[in-house]
file data-v8.txt (compact mmCIF, C-alpha atoms)
# COMPACT_ATOMS: atom_id res chain seq x y z
CA MET A 117 190.66 55.52 45.96
CA ARG A 118 193.76 54.75 43.89
CA THR A 119 196.72 53.12 45.61
CA ILE A 120 199.85 55.13 44.83
CA LEU A 121 202.30 52.94 46.78
CA GLN A 122 202.35 49.30 47.85
CA ALA A 123 205.08 47.85 50.01
CA GLU A 124 204.87 44.11 50.63
CA ASN A 125 206.85 42.20 53.28
CA LEU A 126 209.90 44.45 53.15
CA GLU A 127 213.03 43.07 54.78
CA LYS A 128 216.35 44.88 54.99
CA VAL A 129 219.38 43.20 56.55
CA TYR A 130 222.79 44.85 56.87
CA ARG A 131 225.96 42.81 57.15
CA VAL A 132 228.23 44.17 59.91
CA GLY A 133 231.40 42.10 59.97
CA ARG A 134 230.11 38.56 60.36
CA VAL A 135 226.81 39.59 61.90
CA ASP A 136 223.50 40.14 60.11
CA VAL A 137 221.68 43.17 61.51
CA PRO A 138 217.99 43.38 60.52
CA ALA A 139 216.71 46.92 59.98
CA LEU A 140 213.26 46.06 58.60
CA ARG A 141 211.31 42.91 59.45
CA GLY A 142 208.44 42.19 57.09
CA VAL A 143 206.88 45.65 56.72
CA SER A 144 203.81 46.01 54.51
CA LEU A 145 202.11 49.32 53.75
CA ASP A 146 199.56 50.72 51.29
CA VAL A 147 199.35 54.46 50.65
CA HIS A 148 196.49 55.99 48.67
CA GLU A 149 196.66 58.97 46.36
CA GLY A 150 196.25 62.22 48.30
CA GLU A 151 197.26 60.82 51.70
CA PHE A 152 199.44 62.76 54.13
CA LEU A 153 201.07 60.04 56.25
CA ALA A 154 203.43 60.32 59.22
CA ILE A 155 205.81 57.53 60.23
CA MET A 156 206.93 57.76 63.86
CA GLY A 157 209.12 55.74 66.17
CA PRO A 158 212.31 55.89 68.26
CA SER A 159 215.74 56.31 66.71
CA GLY A 160 216.95 53.08 65.16
CA CYS A 161 213.46 51.65 64.65
CA GLY A 162 213.89 51.44 60.86
CA LYS A 163 211.73 54.36 59.72
CA SER A 164 214.47 56.15 57.75
CA THR A 165 215.56 52.85 56.22
CA MET A 166 211.98 52.29 55.12
CA LEU A 167 211.75 55.78 53.61
CA HIS A 168 214.97 55.20 51.66
CA LEU A 169 213.65 51.88 50.40
CA LEU A 170 210.37 53.47 49.32
CA GLY A 171 212.34 56.13 47.46
CA GLY A 172 214.57 53.64 45.67
CA LEU A 173 217.69 54.94 47.41
CA LEU A 174 218.21 51.49 48.95
CA THR A 175 217.19 48.05 47.71
CA PRO A 176 215.40 45.66 50.08
CA THR A 177 216.87 42.30 51.01
CA SER A 178 213.45 40.90 50.13
CA GLY A 179 209.95 42.17 49.45
CA ARG A 180 208.31 44.30 46.79
CA ILE A 181 207.62 48.02 46.25
CA VAL A 182 205.24 49.34 43.59
CA ILE A 183 204.98 53.12 43.04
CA ASP A 184 202.28 54.47 40.75
CA ASP A 185 201.99 51.08 39.00
CA GLU A 186 205.76 50.68 38.50
CA ASP A 187 207.64 47.89 40.28
CA LEU A 188 210.62 49.55 41.92
CA THR A 189 212.17 46.37 43.25
CA ALA A 190 212.12 44.56 39.90
CA ALA A 191 213.79 47.48 38.11
CA SER A 192 217.43 47.74 37.04
CA ASP A 193 219.58 50.46 38.62
CA ALA A 194 219.04 52.70 35.58
CA ARG A 195 215.30 52.08 35.59
CA ARG A 196 215.07 52.73 39.33
CA THR A 197 216.87 56.06 38.84
CA ASP A 198 214.39 56.93 36.10
CA ILE A 199 211.42 56.09 38.35
CA ARG A 200 212.85 58.31 41.09
CA ARG A 201 213.31 61.12 38.59
CA ARG A 202 209.74 60.93 37.29
CA LYS A 203 207.71 59.79 40.30
CA ILE A 204 209.32 60.88 43.58
CA GLY A 205 210.17 64.20 45.23
CA PHE A 206 212.52 64.21 48.24
CA VAL A 207 212.67 66.67 51.14
CA PHE A 208 215.45 66.05 53.67
CA GLN A 209 216.51 67.57 56.97
CA ARG A 210 219.48 69.07 55.13
CA PHE A 211 218.18 71.37 52.43
CA ASN A 212 220.62 70.18 49.69
CA LEU A 213 220.15 73.30 47.58
CA PHE A 214 222.71 74.28 44.96
CA PRO A 215 224.44 77.28 46.59
CA THR A 216 225.33 79.03 43.30
CA LEU A 217 221.73 78.98 42.02
CA THR A 218 218.85 81.23 43.03
CA ALA A 219 215.61 79.82 44.44
CA GLU A 220 214.10 79.88 40.96
CA GLY A 221 217.28 78.38 39.52
CA ASN A 222 217.04 75.43 41.90
CA LEU A 223 213.46 74.83 40.75
CA ARG A 224 214.36 75.14 37.06
CA LEU A 225 217.19 72.63 37.53
CA ALA A 226 214.73 70.18 39.11
CA GLU A 227 212.42 70.65 36.13
CA ARG A 228 215.24 69.99 33.65
CA ILE A 229 216.28 66.83 35.48
CA HIS A 230 212.67 65.67 35.59
CA SER A 231 211.92 66.36 31.94
CA ALA A 232 213.81 64.32 29.35
CA ASN A 233 213.45 67.12 26.79
CA GLY A 234 214.50 69.88 29.18
CA ALA A 235 211.07 71.57 29.17
CA ASP A 236 209.99 73.71 32.09
CA ASP A 237 206.67 75.08 33.32
CA PRO A 238 206.90 78.75 34.36
CA GLU A 239 203.23 78.91 35.37
CA ARG A 240 203.51 75.89 37.66
CA ARG A 241 206.74 77.31 39.09
CA ARG A 242 205.07 80.62 39.88
CA ASP A 243 202.07 78.85 41.45
CA VAL A 244 204.32 76.80 43.73
CA LEU A 245 206.48 79.77 44.71
CA ARG A 246 203.34 81.80 45.44
CA LEU A 247 201.80 79.03 47.53
CA LEU A 248 205.00 78.71 49.57
CA LYS A 249 205.25 82.51 49.94
CA LEU A 250 208.53 82.70 48.06
CA GLU A 251 207.63 85.12 45.23
CA ASP A 252 209.95 87.82 46.60
CA LYS A 253 212.77 85.30 47.14
CA MET A 254 212.94 83.94 43.58
CA HIS A 255 216.25 85.65 42.83
CA HIS A 256 217.91 84.97 46.19
CA LYS A 257 220.62 82.35 46.60
CA PRO A 258 220.46 79.90 49.54
CA LEU A 259 222.94 81.83 51.72
CA GLU A 260 220.69 84.87 51.40
CA LEU A 261 217.73 82.95 52.84
CA SER A 262 216.80 81.90 56.37
CA GLY A 263 216.68 78.21 57.30
CA GLY A 264 212.89 78.18 57.02
CA GLU A 265 213.03 79.83 53.59
CA GLN A 266 215.63 77.35 52.39
CA GLN A 267 213.42 74.45 53.48
CA ARG A 268 210.48 76.00 51.65
CA VAL A 269 212.61 76.24 48.50
CA ALA A 270 213.56 72.57 48.97
CA LEU A 271 209.86 71.74 49.30
CA ALA A 272 209.03 73.79 46.20
CA ARG A 273 211.77 71.97 44.28
CA ALA A 274 210.28 68.61 45.32
CA VAL A 275 206.72 69.45 44.29
CA VAL A 276 207.24 71.57 41.16
CA THR A 277 207.63 68.48 38.93
CA ARG A 278 204.26 67.02 40.04
CA PRO A 279 205.69 63.82 41.55
CA ALA A 280 203.37 60.95 42.39
CA LEU A 281 204.87 60.87 45.89
CA ILE A 282 206.82 63.19 48.20
CA LEU A 283 209.07 61.57 50.80
CA ALA A 284 210.14 63.87 53.64
CA ASP A 285 212.73 62.78 56.20
CA GLU A 286 212.52 64.95 59.36
CA PRO A 287 211.93 68.08 57.23
CA THR A 288 211.68 70.36 60.29
CA GLY A 289 214.61 68.84 62.18
CA ASN A 290 216.88 71.87 61.58
CA LEU A 291 214.21 74.53 62.08
CA ASP A 292 213.00 76.52 65.07
CA SER A 293 209.39 76.18 66.20
CA GLU A 294 208.14 79.17 64.18
CA ASN A 295 209.67 78.01 60.90
CA SER A 296 208.66 74.40 61.63
CA ALA A 297 205.03 75.49 61.88
CA ILE A 298 205.30 77.44 58.61
CA VAL A 299 206.81 74.48 56.74
CA LEU A 300 204.27 72.01 58.15
CA ASN A 301 201.41 74.31 57.18
CA MET A 302 202.89 74.40 53.68
CA PHE A 303 202.95 70.60 53.53
CA GLN A 304 199.33 70.52 54.59
CA GLU A 305 198.38 73.14 52.02
CA LEU A 306 200.16 71.24 49.24
CA ASN A 307 198.31 68.11 50.27
CA TYR A 308 194.92 69.87 50.15
CA ARG A 309 195.51 72.22 47.21
CA PHE A 310 197.30 69.83 44.84
CA ASN A 311 196.15 66.49 46.33
CA GLN A 312 199.85 65.78 46.81
CA THR A 313 200.65 62.41 48.38
CA ILE A 314 203.19 62.83 51.20
CA ILE A 315 204.98 60.42 53.54
CA MET A 316 206.84 62.17 56.35
CA ILE A 317 209.26 60.75 58.91
CA THR A 318 209.11 62.68 62.18
CA HIS A 319 209.88 62.43 65.88
CA ASN A 320 207.60 65.36 66.63
CA PRO A 321 204.03 64.54 67.76
CA GLU A 322 202.91 68.06 66.80
CA ALA A 323 204.22 67.53 63.26
CA ALA A 324 202.55 64.12 63.06
CA ALA A 325 199.25 65.66 64.19
CA MET A 326 199.22 67.70 60.96
CA CYS A 327 198.98 64.46 58.96
CA ARG A 328 195.87 62.51 58.05
CA ARG A 329 197.31 59.16 59.14
CA ILE A 330 200.04 58.05 61.55
CA ILE A 331 201.86 54.74 61.80
CA GLN A 332 204.21 53.75 64.61
CA MET A 333 207.34 51.67 64.11
CA ARG A 334 209.55 49.80 66.54
CA ASP A 335 212.38 47.33 66.01
CA GLY A 336 211.90 47.28 62.25
CA ARG A 337 208.16 46.59 62.36
CA ILE A 338 204.89 48.49 62.28
CA VAL A 339 203.73 47.92 65.84
CA GLU A 340 200.37 49.67 66.01
CA PRO A 341 197.37 49.82 63.70
CA THR A 342 197.35 52.96 61.60
CA ALA A 343 195.46 55.88 63.11
CA SER A 344 193.43 58.17 60.88
CA ILE A 345 193.12 61.81 61.88
CA GLN A 346 190.58 64.26 60.55
CA VAL A 347 192.20 67.66 59.97
call {"tool": "encode", "arguments": {"input": "data-v8.txt", "output": "C-alpha cells"}}
result
Amino acid sequence: MRTILQAENLEKVYRVGRVDVPALRGVSLDVHEGEFLAIMGPSGCGKSTMLHLLGGLLTPTSGRIVIDDEDLTAASDARRTDIRRRKIGFVFQRFNLFPTLTAEGNLRLAERIHSANGADDPERRRDVLRLLKLEDKMHHKPLELSGGEQQRVALARAVVTRPALILADEPTGNLDSENSAIVLNMFQELNYRFNQTIIMITHNPEAAAMCRRIIQMRDGRIVEPTASIQV
C-alpha cells in the first residue's frame, strides 16, 4: 500500500515573550493512500497544530513532512503554496465559501485555482455534487443554504480537484447532530467511492468511529498506539 504522507519527528515551538512553548514534541506518522484517519485529544494537545503543519499552513521548528513524494518542509514558500494547491484539500469548521458565488461557482473557482491553465471538469463536478446530494443546490448561494448544505459544498470544493489528501479540522463542529451525521456519511462515502485519503481532527467519539483508524494525542505527542477499525 502506497504511503501518501510521512511525518518524521515533528517539533513545533512557539515563542511567547521570553518563553518557548512546545506545541508538538517529536510526532511521527505514516498515512497510506485510501486511509480515513481520525486524530483525537483534548483541547491544546497539539492536534490542530499538527494538521496545519501537515497542510503546509505552518512550518515545523524541526522534522520532515513528505506528501505524495514531495518534501513539504524542504520547499520554499512559493513551492509549498504550489504543493497545497495541487495536493491538499481543506475542510474547516467555518465553511469559508465565497458568499457571492453559487455552490457550483465555488467549485469552479477551486478548479481554476487548482489548474494552472484554468481548465475545469464538468463531469467530475457533477459526480461530486450528485454524491453529496447537492444537484438541486448548484445555483444557490451560501446564504440560501443550511449549515449542513454549506459544509457539503465546502467538502465538494475540497474533493473536486482530486487532491492526494483531504485535511478536515472539526468539520462538524458547527452542525447539529442530523447534519453532522449526513456530512460524516459523505466523508465515508468519498473515502470508499473515490479512495480519498482523509485526516480528520475531531473531539467527537461518534465521528471518530466512522474512520478506519484513530490516533490519540496529548501534550503534543501521540500517546496511544493507533487503533484500526473495520467499518
call {"tool": "atom_distance", "arguments": {"input": "data-v8.txt", "atom1": "atom CA of Gly142 of chain A", "atom2": "atom CA of Ser164 of chain A"}}
result
15.2 Å
call {"tool": "residues_near_point", "arguments": {"input": "data-v8.txt", "point": "(219.5, 77.8, 48.3)", "cutoff": "9 Å", "atoms": "only C-alpha atoms", "output": "PyMOL selection string"}}
result
chain A and resi 211-219+222+256-261+265-267+269-270
call {"tool": "closest_residue", "arguments": {"input": "data-v8.txt", "among": "A:Leu248, A:His230, A:Ala123, A:Gln209", "to": "Leu291 of chain A", "atoms": "all atoms listed in the file"}}
result
A:Gln209
call {"tool": "residues_around", "arguments": {"input": "data-v8.txt", "residues": "segment 274-283 of chain A", "least_positions_apart": "6", "cutoff": "7 Å", "atoms": "all atoms listed in the file", "output": "count of residues only"}}
result
17
call {"tool": "axis_aligned_box", "arguments": {"input": "data-v8.txt", "around": "segment 239-254 of chain A", "padding_each_side": "8 Å", "output": "JSON"}}
result
{"center_x": 207.4, "center_y": 81.9, "center_z": 42.7, "size_x": 27.1, "size_y": 27.9, "size_z": 30.6}
call {"tool": "closest_residue", "arguments": {"input": "data-v8.txt", "among": "A:Met117, A:Arg131, A:His319, A:Ala325", "to": "Cys161 of chain A", "atoms": "all atoms listed in the file"}}
result
A:His319
call {"tool": "closest_residue", "arguments": {"input": "data-v8.txt", "among": "A:Leu225, A:Ala191, A:Leu306, A:Ile317", "to": "Pro287 of chain A", "atoms": "only C-alpha atoms"}}
result
A:Ile317
call {"tool": "atom_distance", "arguments": {"input": "data-v8.txt", "atom1": "atom CA of Leu271 of chain A", "atom2": "atom CA of Pro176 of chain A"}}
result
26.7 Å
call {"tool": "decode", "arguments": {"input": "data-v8.txt", "residues": "segment 282-311 of chain A", "atoms": "N, CA and C atoms", "output": "compact mmCIF listing (two decimals), in the first residue's frame"}}
result
# COMPACT_ATOMS: atom_id res chain seq x y z
N ILE A 282 -7.10 14.98 1.92
CA ILE A 282 -8.04 15.94 2.49
C ILE A 282 -7.75 16.06 3.98
N LEU A 283 -7.63 17.30 4.45
CA LEU A 283 -7.43 17.59 5.86
C LEU A 283 -8.67 18.31 6.38
N ALA A 284 -9.32 17.73 7.37
CA ALA A 284 -10.58 18.27 7.90
C ALA A 284 -10.41 18.59 9.38
N ASP A 285 -10.63 19.84 9.74
CA ASP A 285 -10.45 20.30 11.12
C ASP A 285 -11.82 20.53 11.75
N GLU A 286 -12.28 19.59 12.58
CA GLU A 286 -13.59 19.66 13.24
C GLU A 286 -14.69 20.03 12.23
N PRO A 287 -14.85 19.26 11.16
CA PRO A 287 -15.78 19.66 10.10
C PRO A 287 -17.25 19.66 10.52
N THR A 288 -17.58 19.00 11.64
CA THR A 288 -18.98 19.00 12.10
C THR A 288 -19.17 19.88 13.32
N GLY A 289 -18.17 20.67 13.66
CA GLY A 289 -18.22 21.45 14.90
C GLY A 289 -19.34 22.47 14.95
N ASN A 290 -19.79 22.98 13.78
CA ASN A 290 -20.86 23.98 13.74
C ASN A 290 -22.21 23.40 13.32
N LEU A 291 -22.31 22.06 13.31
CA LEU A 291 -23.52 21.43 12.80
C LEU A 291 -24.30 20.72 13.90
N ASP A 292 -25.61 20.62 13.71
CA ASP A 292 -26.42 19.83 14.64
C ASP A 292 -26.19 18.34 14.36
N SER A 293 -26.77 17.49 15.20
CA SER A 293 -26.48 16.06 15.11
C SER A 293 -26.94 15.48 13.78
N GLU A 294 -28.08 15.93 13.25
CA GLU A 294 -28.58 15.38 11.99
C GLU A 294 -27.64 15.72 10.84
N ASN A 295 -27.25 16.99 10.74
CA ASN A 295 -26.36 17.39 9.66
C ASN A 295 -24.95 16.83 9.85
N SER A 296 -24.53 16.67 11.12
CA SER A 296 -23.22 16.05 11.37
C SER A 296 -23.19 14.63 10.80
N ALA A 297 -24.26 13.88 11.05
CA ALA A 297 -24.32 12.51 10.55
C ALA A 297 -24.29 12.48 9.03
N ILE A 298 -25.00 13.41 8.38
CA ILE A 298 -25.01 13.47 6.92
C ILE A 298 -23.61 13.75 6.39
N VAL A 299 -22.93 14.74 6.97
CA VAL A 299 -21.59 15.11 6.50
C VAL A 299 -20.60 13.97 6.72
N LEU A 300 -20.67 13.33 7.88
CA LEU A 300 -19.76 12.22 8.16
C LEU A 300 -20.00 11.05 7.22
N ASN A 301 -21.26 10.77 6.91
CA ASN A 301 -21.56 9.72 5.94
C ASN A 301 -20.99 10.08 4.56
N MET A 302 -21.00 11.37 4.24
CA MET A 302 -20.44 11.80 2.97
C MET A 302 -18.92 11.59 2.94
N PHE A 303 -18.26 11.91 4.04
CA PHE A 303 -16.82 11.65 4.14
C PHE A 303 -16.54 10.17 3.90
N GLN A 304 -17.31 9.34 4.57
CA GLN A 304 -17.11 7.90 4.46
C GLN A 304 -17.35 7.43 3.03
N GLU A 305 -18.37 7.98 2.39
CA GLU A 305 -18.67 7.60 1.02
C GLU A 305 -17.55 8.04 0.06
N LEU A 306 -17.03 9.24 0.27
CA LEU A 306 -15.92 9.72 -0.56
C LEU A 306 -14.69 8.83 -0.38
N ASN A 307 -14.46 8.40 0.84
CA ASN A 307 -13.34 7.52 1.11
C ASN A 307 -13.49 6.19 0.38
N TYR A 308 -14.69 5.62 0.41
CA TYR A 308 -14.93 4.33 -0.24
C TYR A 308 -15.04 4.47 -1.77
N ARG A 309 -15.82 5.46 -2.22
CA ARG A 309 -16.12 5.57 -3.64
C ARG A 309 -14.90 6.03 -4.45
N PHE A 310 -14.17 7.03 -3.93
CA PHE A 310 -13.06 7.60 -4.66
C PHE A 310 -11.70 7.23 -4.08
N ASN A 311 -11.70 6.36 -3.04
CA ASN A 311 -10.45 6.01 -2.37
C ASN A 311 -9.72 7.26 -1.86
